[in-house]
$ cat data17.cif   # mmCIF, C-alpha atoms
data_run
#
loop_
_atom_site.label_atom_id
_atom_site.label_comp_id
_atom_site.auth_asym_id
_atom_site.auth_seq_id
_atom_site.Cartn_x
_atom_site.Cartn_y
_atom_site.Cartn_z
CA MET A 1132 -1.03 -6.45 19.62
CA THR A 1133 -2.97 -9.65 19.26
CA GLY A 1134 -4.57 -10.55 15.95
CA ASN A 1135 -1.63 -9.31 13.88
CA PRO A 1136 -0.70 -12.12 11.44
CA THR A 1137 2.90 -10.89 11.07
CA LEU A 1138 3.50 -10.92 14.82
CA THR A 1139 1.78 -14.29 15.11
CA VAL A 1140 4.30 -15.75 12.65
CA TYR A 1141 7.26 -14.25 14.52
CA ASP A 1142 5.96 -15.49 17.87
CA ARG A 1143 5.39 -18.98 16.46
CA MET A 1144 8.70 -19.17 14.59
CA ALA A 1145 10.91 -17.25 17.02
CA ASP A 1146 13.46 -20.03 17.44
CA GLU A 1147 13.82 -20.54 13.68
CA TYR A 1148 14.15 -16.82 13.10
CA ARG A 1149 16.79 -16.48 15.84
CA GLU A 1150 18.84 -19.29 14.29
CA MET A 1151 18.64 -17.75 10.81
CA ALA A 1152 19.24 -14.14 11.87
CA THR A 1153 22.06 -14.87 14.29
CA ALA A 1154 23.94 -16.83 11.62
CA ALA A 1155 23.82 -13.87 9.21
CA ASP A 1156 26.54 -11.19 9.30
CA PHE A 1157 24.95 -8.04 7.92
CA ALA A 1158 27.56 -5.57 6.61
CA GLY A 1159 25.14 -2.67 7.09
CA LEU A 1160 25.61 -2.96 10.84
CA ASP A 1161 29.35 -2.35 10.46
CA LEU A 1162 28.67 0.87 8.51
CA PHE A 1163 26.17 1.96 11.15
CA LEU A 1164 28.56 1.30 14.04
CA LYS A 1165 31.40 3.21 12.34
CA ALA A 1166 29.13 6.22 11.83
CA LEU A 1167 27.83 6.38 15.43
CA ARG A 1168 29.32 8.85 17.90
CA PRO A 1169 31.03 7.08 20.83
CA GLY A 1170 28.76 6.05 23.69
CA GLY A 1171 25.58 6.98 21.84
CA ARG A 1172 22.01 6.08 22.72
CA VAL A 1173 20.56 3.77 20.05
CA LEU A 1174 17.06 2.58 19.24
CA ASP A 1175 16.91 -0.88 17.64
CA LEU A 1176 13.46 -0.77 16.03
CA GLY A 1177 12.13 -4.25 15.33
CA CYS A 1178 15.03 -5.88 17.14
CA GLY A 1179 13.98 -9.49 16.60
CA PRO A 1180 15.95 -11.79 18.91
CA GLY A 1181 18.31 -8.94 19.88
CA HIS A 1182 21.48 -10.24 18.21
CA GLU A 1183 22.25 -6.89 16.54
CA ALA A 1184 21.26 -4.91 19.64
CA GLU A 1185 23.81 -6.99 21.57
CA ARG A 1186 26.53 -6.09 19.04
CA ILE A 1187 25.62 -2.41 19.29
CA ALA A 1188 25.81 -2.60 23.10
CA ALA A 1189 29.15 -4.45 22.93
CA ALA A 1190 30.49 -1.54 20.86
CA GLY A 1191 29.88 0.74 23.85
CA HIS A 1192 26.43 2.14 23.15
CA GLU A 1193 23.27 2.30 25.27
CA VAL A 1194 20.61 0.26 23.45
CA LEU A 1195 16.83 0.26 23.67
CA ALA A 1196 15.57 -2.70 21.64
CA VAL A 1197 11.88 -2.81 20.73
CA ASP A 1198 9.74 -5.32 18.89
CA GLY A 1199 6.05 -6.14 18.53
CA SER A 1200 6.67 -9.86 19.06
CA ALA A 1201 6.56 -10.94 22.70
CA GLU A 1202 8.73 -13.98 21.91
CA MET A 1203 11.40 -11.85 20.26
CA ILE A 1204 11.45 -9.43 23.18
CA ALA A 1205 11.92 -12.33 25.61
CA MET A 1206 15.00 -13.34 23.60
CA ALA A 1207 16.31 -9.76 23.35
CA GLU A 1208 15.95 -9.24 27.11
CA ALA A 1209 18.39 -12.10 27.68
CA ARG A 1210 21.12 -10.35 25.63
CA GLU A 1211 23.95 -8.68 27.50
CA GLY A 1212 23.73 -4.89 27.67
CA VAL A 1213 20.31 -4.71 26.00
CA THR A 1214 17.20 -3.05 27.43
CA ALA A 1215 14.19 -4.49 25.60
CA ARG A 1216 10.61 -3.26 25.39
CA HIS A 1217 7.51 -4.77 23.79
CA ALA A 1218 6.29 -1.95 21.52
CA MET A 1219 4.92 -1.08 18.09
CA PHE A 1220 6.04 1.49 15.50
CA ASP A 1221 3.40 3.94 16.71
CA ASP A 1222 5.07 3.96 20.15
CA ILE A 1223 8.20 5.67 18.76
CA PRO A 1224 7.31 9.20 19.97
CA ASP A 1225 7.41 7.99 23.59
CA PHE A 1226 10.99 6.66 23.47
CA GLY A 1227 13.00 9.91 23.84
CA LEU A 1228 15.99 11.09 21.82
CA PHE A 1229 18.60 8.91 20.13
CA ASP A 1230 22.05 9.26 18.56
CA GLY A 1231 21.23 6.37 16.26
CA VAL A 1232 18.26 4.39 15.01
CA TRP A 1233 18.73 0.88 13.64
CA ALA A 1234 15.78 -0.46 11.62
CA SER A 1235 16.98 -3.67 10.03
CA PHE A 1236 14.23 -5.28 7.94
CA SER A 1237 11.51 -4.04 10.31
CA LEU A 1238 9.81 -1.03 8.71
CA LEU A 1239 9.05 -3.19 5.66
CA HIS A 1240 6.18 -4.60 7.74
CA ALA A 1241 4.46 -1.18 7.88
CA PRO A 1242 1.77 -0.39 5.30
CA ARG A 1243 2.98 2.01 2.60
CA ALA A 1244 0.60 4.74 3.79
CA ASP A 1245 2.11 4.59 7.31
CA LEU A 1246 5.82 4.71 6.49
CA PRO A 1247 6.06 8.52 6.06
CA ARG A 1248 4.56 8.98 9.54
CA HIS A 1249 6.94 6.44 11.08
CA LEU A 1250 9.94 8.07 9.43
CA ALA A 1251 8.83 11.51 10.66
CA ASP A 1252 8.52 10.09 14.19
CA LEU A 1253 12.02 8.60 13.93
CA ARG A 1254 13.40 11.94 12.77
CA ALA A 1255 11.73 13.66 15.72
CA ALA A 1256 13.27 11.06 18.05
CA SER A 1257 16.77 11.62 16.59
CA ARG A 1258 19.27 14.13 17.95
CA ASP A 1259 21.05 16.46 15.54
CA GLY A 1260 23.83 14.49 13.87
CA ALA A 1261 22.14 11.15 14.53
CA VAL A 1262 22.63 8.16 12.25
CA PHE A 1263 19.77 6.11 10.79
CA GLY A 1264 20.33 2.65 9.33
CA MET A 1265 17.40 1.14 7.45
CA ALA A 1266 17.28 -2.15 5.51
CA MET A 1267 14.30 -3.00 3.33
CA LYS A 1268 13.45 -5.66 0.77
CA THR A 1269 13.15 -4.20 -2.69
CA GLY A 1270 10.47 -4.72 -5.29
CA ASP A 1271 6.88 -3.66 -5.98
CA GLY A 1272 3.60 -3.91 -4.11
CA GLU A 1273 2.54 -4.92 -0.65
CA GLY A 1274 0.85 -7.93 0.88
CA PRO A 1275 1.48 -11.21 2.72
CA ASP A 1276 4.41 -13.50 2.03
CA ARG A 1277 4.03 -17.30 1.95
CA LEU A 1278 4.16 -17.40 5.78
CA GLY A 1279 1.45 -14.73 6.14
CA ARG A 1280 3.72 -11.83 7.18
CA PHE A 1281 2.76 -8.45 5.71
CA TYR A 1282 5.43 -6.77 3.55
CA THR A 1283 5.71 -3.52 1.63
CA TYR A 1284 8.36 -3.37 -1.09
CA TYR A 1285 10.15 -0.24 -2.36
CA ASP A 1286 12.76 0.73 -4.91
CA GLU A 1287 15.78 2.86 -4.04
CA GLU A 1288 14.38 6.07 -5.50
CA ASN A 1289 11.18 5.76 -3.42
CA LEU A 1290 13.15 5.14 -0.24
CA ARG A 1291 15.53 8.04 -0.82
CA ASP A 1292 12.57 10.36 -1.46
CA LEU A 1293 10.77 9.22 1.69
CA LEU A 1294 13.91 9.66 3.78
CA ALA A 1295 14.49 13.15 2.38
CA GLN A 1296 10.89 14.15 3.09
CA ALA A 1297 11.36 13.06 6.70
CA GLY A 1298 14.60 15.05 7.09
CA PHE A 1299 17.19 12.28 6.63
CA VAL A 1300 20.13 12.57 4.23
CA PRO A 1301 21.32 9.22 2.81
CA VAL A 1302 25.13 9.01 2.92
CA ASP A 1303 25.88 5.37 2.06
CA ALA A 1304 24.15 2.34 0.59
CA LEU A 1305 24.53 -1.41 0.23
CA SER A 1306 22.44 -3.87 -1.76
CA GLY A 1307 22.33 -7.60 -2.18
CA THR A 1308 20.19 -10.71 -1.97
CA SER A 1309 19.68 -13.13 0.89
CA PRO A 1310 17.31 -15.90 1.94
CA GLY A 1311 14.63 -15.10 4.47
CA LEU A 1312 12.53 -17.04 6.94
CA ALA A 1313 10.09 -18.02 4.18
CA GLY A 1314 12.92 -19.72 2.27
CA GLN A 1315 12.96 -17.30 -0.66
CA THR A 1316 16.05 -15.37 -1.72
CA GLN A 1317 15.07 -11.73 -2.22
CA PRO A 1318 16.84 -8.48 -3.08
CA TRP A 1319 17.37 -5.87 -0.36
CA LEU A 1320 18.70 -2.36 0.09
CA PHE A 1321 20.42 -0.80 3.09
CA LEU A 1322 20.58 3.00 3.36
CA LEU A 1323 22.68 4.77 5.96
CA SER A 1324 21.41 8.30 6.58
CA ARG A 1325 22.21 11.24 8.82
CA VAL A 1326 20.03 13.89 10.35
#

$ encode --input "data17.cif" --output "C-alpha cells"
Amino acid sequence: MTGNPTLTVYDRMADEYREMATAADFAGLDLFLKALRPGGRVLDLGCGPGHEAERIAAAGHEVLAVDGSAEMIAMAEAREGVTARHAMFDDIPDFGLFDGVWASFSLLHAPRADLPRHLADLRAASRDGAVFGMAMKTGDGEGPDRLGRFYTYYDEENLRDLLAQAGFVPVDALSGTSPGLAGQTQPWLFLLSRV
C-alpha cells in the first residue's frame, strides 16, 4: 500500500480531512440509514476518519470500516462501535456478506477500468435486499487533482449503467456541489441502490 500518491495525501492530511469531513452533514447518509434493515451488517468502504461509520453504528448497525490510509484507520478505530480494518478495494471479496454498503466518495479513486470489477465484488458481498449508497464526483476524465490524489469522474447515466451491470437497482438520488480537501467546489452525485 506504499507508493500510492492518493493514500500518501490522505495520510499526510488526515487531520485536515477529518476536520472538513466531520463538519459536513451529508444527506445521502440519512437516506441510506432509512433504507437499511434494523440491526444490519454494514461495510463502510473508504471510511476516512470513521465519522459516518460511527453514525451508522449509533443507529444500531454492526459496522466494518475499511480504508487504504493507515492514518484514517487509526482515527476510525477510535470511534465508538466501529470495527476498522486497513484494506484496499481488491480486498472486498474477503469481507463476508453485508446488509448495506456505504461508499461515500471512495470509489472515485479507482481507475475507470477497475470500477466494474469493484462493483461486482460489492454485489457479491451483499445479501439479497441489501442497500448500496455510493457518492461520486461528477464530470469527465480521470487523473490527479491539485493535491495529487487520483480521481475518476462519471456522469449519472454512466453510473446507473455500471450499477445495473453489477446487479444493483438505483432507487433514489441526490446531487449537489461542495468544497473538497483541495479547496475546489465540485459537483457530486449520490445514488442509493438495492440488490

$ resolve_selection --input "data17.cif" --expression "the PyMOL selection byres ((chain A and resi 1189) around 12)" --output "CSV table (one decimal) with C-alpha atoms, in the frame of the given file"
chain,number,residue,atom,x,y,z
A,1164,LEU,CA,28.6,1.3,14.0
A,1169,PRO,CA,31.0,7.1,20.8
A,1170,GLY,CA,28.8,6.0,23.7
A,1182,HIS,CA,21.5,-10.2,18.2
A,1183,GLU,CA,22.2,-6.9,16.5
A,1184,ALA,CA,21.3,-4.9,19.6
A,1185,GLU,CA,23.8,-7.0,21.6
A,1186,ARG,CA,26.5,-6.1,19.0
A,1187,ILE,CA,25.6,-2.4,19.3
A,1188,ALA,CA,25.8,-2.6,23.1
A,1190,ALA,CA,30.5,-1.5,20.9
A,1191,GLY,CA,29.9,0.7,23.8
A,1192,HIS,CA,26.4,2.1,23.2
A,1193,GLU,CA,23.3,2.3,25.3
A,1194,VAL,CA,20.6,0.3,23.4
A,1210,ARG,CA,21.1,-10.4,25.6
A,1211,GLU,CA,24.0,-8.7,27.5
A,1212,GLY,CA,23.7,-4.9,27.7
A,1213,VAL,CA,20.3,-4.7,26.0

$ resolve_selection --input "data17.cif" --expression "the PyMOL selection byres ((chain A and resi 1322) around 7)" --output "list of chain:residue names"
A:Gly1264, A:Met1265, A:Ala1266, A:Pro1301, A:Asp1303, A:Ala1304, A:Leu1305, A:Leu1320, A:Phe1321, A:Leu1323, A:Ser1324

$ resolve_selection --input "data17.cif" --expression "the PyMOL selection byres ((chain A and resi 1240) around 6)" --output "PyMOL selection string"
chain A and resi 1237-1239+1241+1281-1282

$ residues_around --input "data17.cif" --residues "A:Val1140" --least-positions-apart "3" --cutoff "10 Å" --atoms "only C-alpha atoms" --output "list in words"
Asn1135, Pro1136, Thr1137, Arg1143, Met1144, Ala1145, Tyr1148, Ser1200, Leu1278, Gly1279 and Arg1280 of chain A

$ residues_around --input "data17.cif" --residues "A:Ala1256" --least-positions-apart "3" --cutoff "10 Å" --atoms "only C-alpha atoms" --output "VMD selection string"
chain A and resid 1174 1223 to 1232 1250 to 1253 1259 1261

$ atom_distance --input "data17.cif" --atom1 "atom CA of A:Arg1172" --atom2 "atom CA of A:Glu1202"
24.1 Å

$ closest_residue --input "data17.cif" --among "A:Gln1317, A:Met1206, A:Gly1307, A:Leu1176" --to "A:Ala1158" --atoms "only C-alpha atoms"
A:Gly1307

$ closest_residue --input "data17.cif" --among "A:Met1203, A:His1217, A:Thr1283, A:Phe1263" --to "A:Ala1244" --atoms "all atoms listed in the file"
A:Thr1283

$ closest_residue --input "data17.cif" --among "A:Ala1205, A:Ala1255, A:Leu1167, A:Ala1196" --to "A:Met1219" --atoms "only C-alpha atoms"
A:Ala1196

$ atom_distance --input "data17.cif" --atom1 "atom CA of A:Ala1201" --atom2 "atom CA of A:Leu1294"
28.9 Å

$ atom_distance --input "data17.cif" --atom1 "atom CA of A:Leu1290" --atom2 "atom CA of A:Pro1310"
21.6 Å

$ closest_residue --input "data17.cif" --among "A:Tyr1285, A:Pro1180, A:Leu1246, A:Gly1272" --to "A:Ala1152" --atoms "only C-alpha atoms"
A:Pro1180

$ build_atoms --input "data17.cif" --residues "stretch 1282-1310 of chain A" --atoms "N, CA and C atoms" --output "compact mmCIF listing (two decimals), in the frame of the given file"
# COMPACT_ATOMS: atom_id res chain seq x y z
N TYR A 1282 4.25 -7.48 4.05
CA TYR A 1282 5.43 -6.77 3.55
C TYR A 1282 5.02 -5.65 2.62
N THR A 1283 5.79 -4.57 2.64
CA THR A 1283 5.71 -3.52 1.63
C THR A 1283 7.08 -3.41 0.99
N TYR A 1284 7.11 -3.39 -0.33
CA TYR A 1284 8.36 -3.37 -1.09
C TYR A 1284 8.56 -1.99 -1.73
N TYR A 1285 9.81 -1.56 -1.82
CA TYR A 1285 10.15 -0.24 -2.36
C TYR A 1285 11.33 -0.38 -3.32
N ASP A 1286 11.51 0.64 -4.16
CA ASP A 1286 12.76 0.73 -4.91
C ASP A 1286 13.61 1.83 -4.27
N GLU A 1287 14.85 1.93 -4.69
CA GLU A 1287 15.78 2.86 -4.04
C GLU A 1287 15.33 4.31 -4.16
N GLU A 1288 14.82 4.69 -5.32
CA GLU A 1288 14.38 6.07 -5.50
C GLU A 1288 13.25 6.43 -4.53
N ASN A 1289 12.28 5.53 -4.37
CA ASN A 1289 11.18 5.76 -3.42
C ASN A 1289 11.71 5.95 -2.01
N LEU A 1290 12.62 5.07 -1.60
CA LEU A 1290 13.15 5.14 -0.24
C LEU A 1290 13.94 6.43 -0.01
N ARG A 1291 14.76 6.80 -0.97
CA ARG A 1291 15.53 8.04 -0.82
C ARG A 1291 14.59 9.25 -0.72
N ASP A 1292 13.54 9.26 -1.52
CA ASP A 1292 12.57 10.36 -1.46
C ASP A 1292 11.87 10.41 -0.11
N LEU A 1293 11.45 9.26 0.40
CA LEU A 1293 10.77 9.22 1.69
C LEU A 1293 11.70 9.66 2.82
N LEU A 1294 12.94 9.24 2.76
CA LEU A 1294 13.91 9.66 3.78
C LEU A 1294 14.12 11.17 3.73
N ALA A 1295 14.28 11.71 2.53
CA ALA A 1295 14.49 13.15 2.38
C ALA A 1295 13.30 13.94 2.90
N GLN A 1296 12.09 13.46 2.60
CA GLN A 1296 10.89 14.15 3.09
C GLN A 1296 10.82 14.17 4.60
N ALA A 1297 11.38 13.14 5.25
CA ALA A 1297 11.36 13.06 6.70
C ALA A 1297 12.52 13.81 7.35
N GLY A 1298 13.48 14.29 6.54
CA GLY A 1298 14.60 15.05 7.09
C GLY A 1298 15.88 14.26 7.26
N PHE A 1299 15.97 13.09 6.59
CA PHE A 1299 17.19 12.28 6.63
C PHE A 1299 17.96 12.47 5.32
N VAL A 1300 19.28 12.45 5.41
CA VAL A 1300 20.13 12.57 4.23
C VAL A 1300 20.91 11.27 4.05
N PRO A 1301 20.57 10.45 3.04
CA PRO A 1301 21.32 9.22 2.81
C PRO A 1301 22.79 9.52 2.48
N VAL A 1302 23.70 8.79 3.13
CA VAL A 1302 25.13 9.01 2.92
C VAL A 1302 25.86 7.77 2.42
N ASP A 1303 25.25 6.60 2.52
CA ASP A 1303 25.88 5.37 2.06
C ASP A 1303 24.80 4.34 1.78
N ALA A 1304 25.14 3.35 0.96
CA ALA A 1304 24.15 2.34 0.59
C ALA A 1304 24.85 1.01 0.32
N LEU A 1305 24.13 -0.06 0.58
CA LEU A 1305 24.53 -1.41 0.23
C LEU A 1305 23.31 -2.11 -0.36
N SER A 1306 23.55 -3.07 -1.25
CA SER A 1306 22.44 -3.87 -1.76
C SER A 1306 22.93 -5.29 -1.94
N GLY A 1307 21.97 -6.21 -2.00
CA GLY A 1307 22.33 -7.60 -2.18
C GLY A 1307 21.09 -8.47 -2.21
N THR A 1308 21.29 -9.75 -2.08
CA THR A 1308 20.19 -10.71 -1.97
C THR A 1308 20.52 -11.66 -0.82
N SER A 1309 19.48 -12.14 -0.17
CA SER A 1309 19.68 -13.13 0.89
C SER A 1309 18.38 -13.90 1.11
N PRO A 1310 18.51 -15.12 1.64
CA PRO A 1310 17.31 -15.90 1.94
C PRO A 1310 16.66 -15.40 3.22
